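Report on one structure; see the data block that follows.
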Amino acid sequence: EASIVAGMRLLLEHAGLVVEPSAALGVAAVLEDPDRFAGRHVVTIVCGSNVNLDDYHRWIRP
């Protein structure tokens with residue numbers, strides 16, 4: 001789950017997107033195993049912002 005939260009933070013900080021945890025799964029996969037994806041074109045679908053704001057703030061705070 002830490003990689004999912006890291007993906008959510010990355011999407012917020014670098015793309016200005018507020019996403020629900022499931023939307024950050026593709027980014028989390030890359031963060032967990034960057035060597036697997038190195039030198040490749042990677043696409044992940046980022047959708048949904050169906051998230052409780054209190055939970056979201058708790059997740060993204062360092």
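By order of appearance in the structure tokens: chains A, B, ..., then residues from 1 within every chain, and ligands from 1 in the order shown.
Near segment 5-20 of chain A, within 12 Å and counting only C-alpha atoms, sit Glu1, Ala24, Leu25, Gly26, Val27, Ala28, Ala29, Val30, Leu31, Glu32, Thr44, Ile45, Val46, Cys47, Gly48, Ser49, Asn50, Val51, Asn52, Leu53, Asp55, Tyr56, His57, Arg58, Trp59, Ile60, Arg61 and Pro62 of chain A; same-chain residues fewer than 4 positions away were not included.
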All helix (DSSP H, G or I) residues (DSSP, backbone) inside chain A, as a PyMOL selection string: chain A and resi 2-15+21-32+34-37+53-60
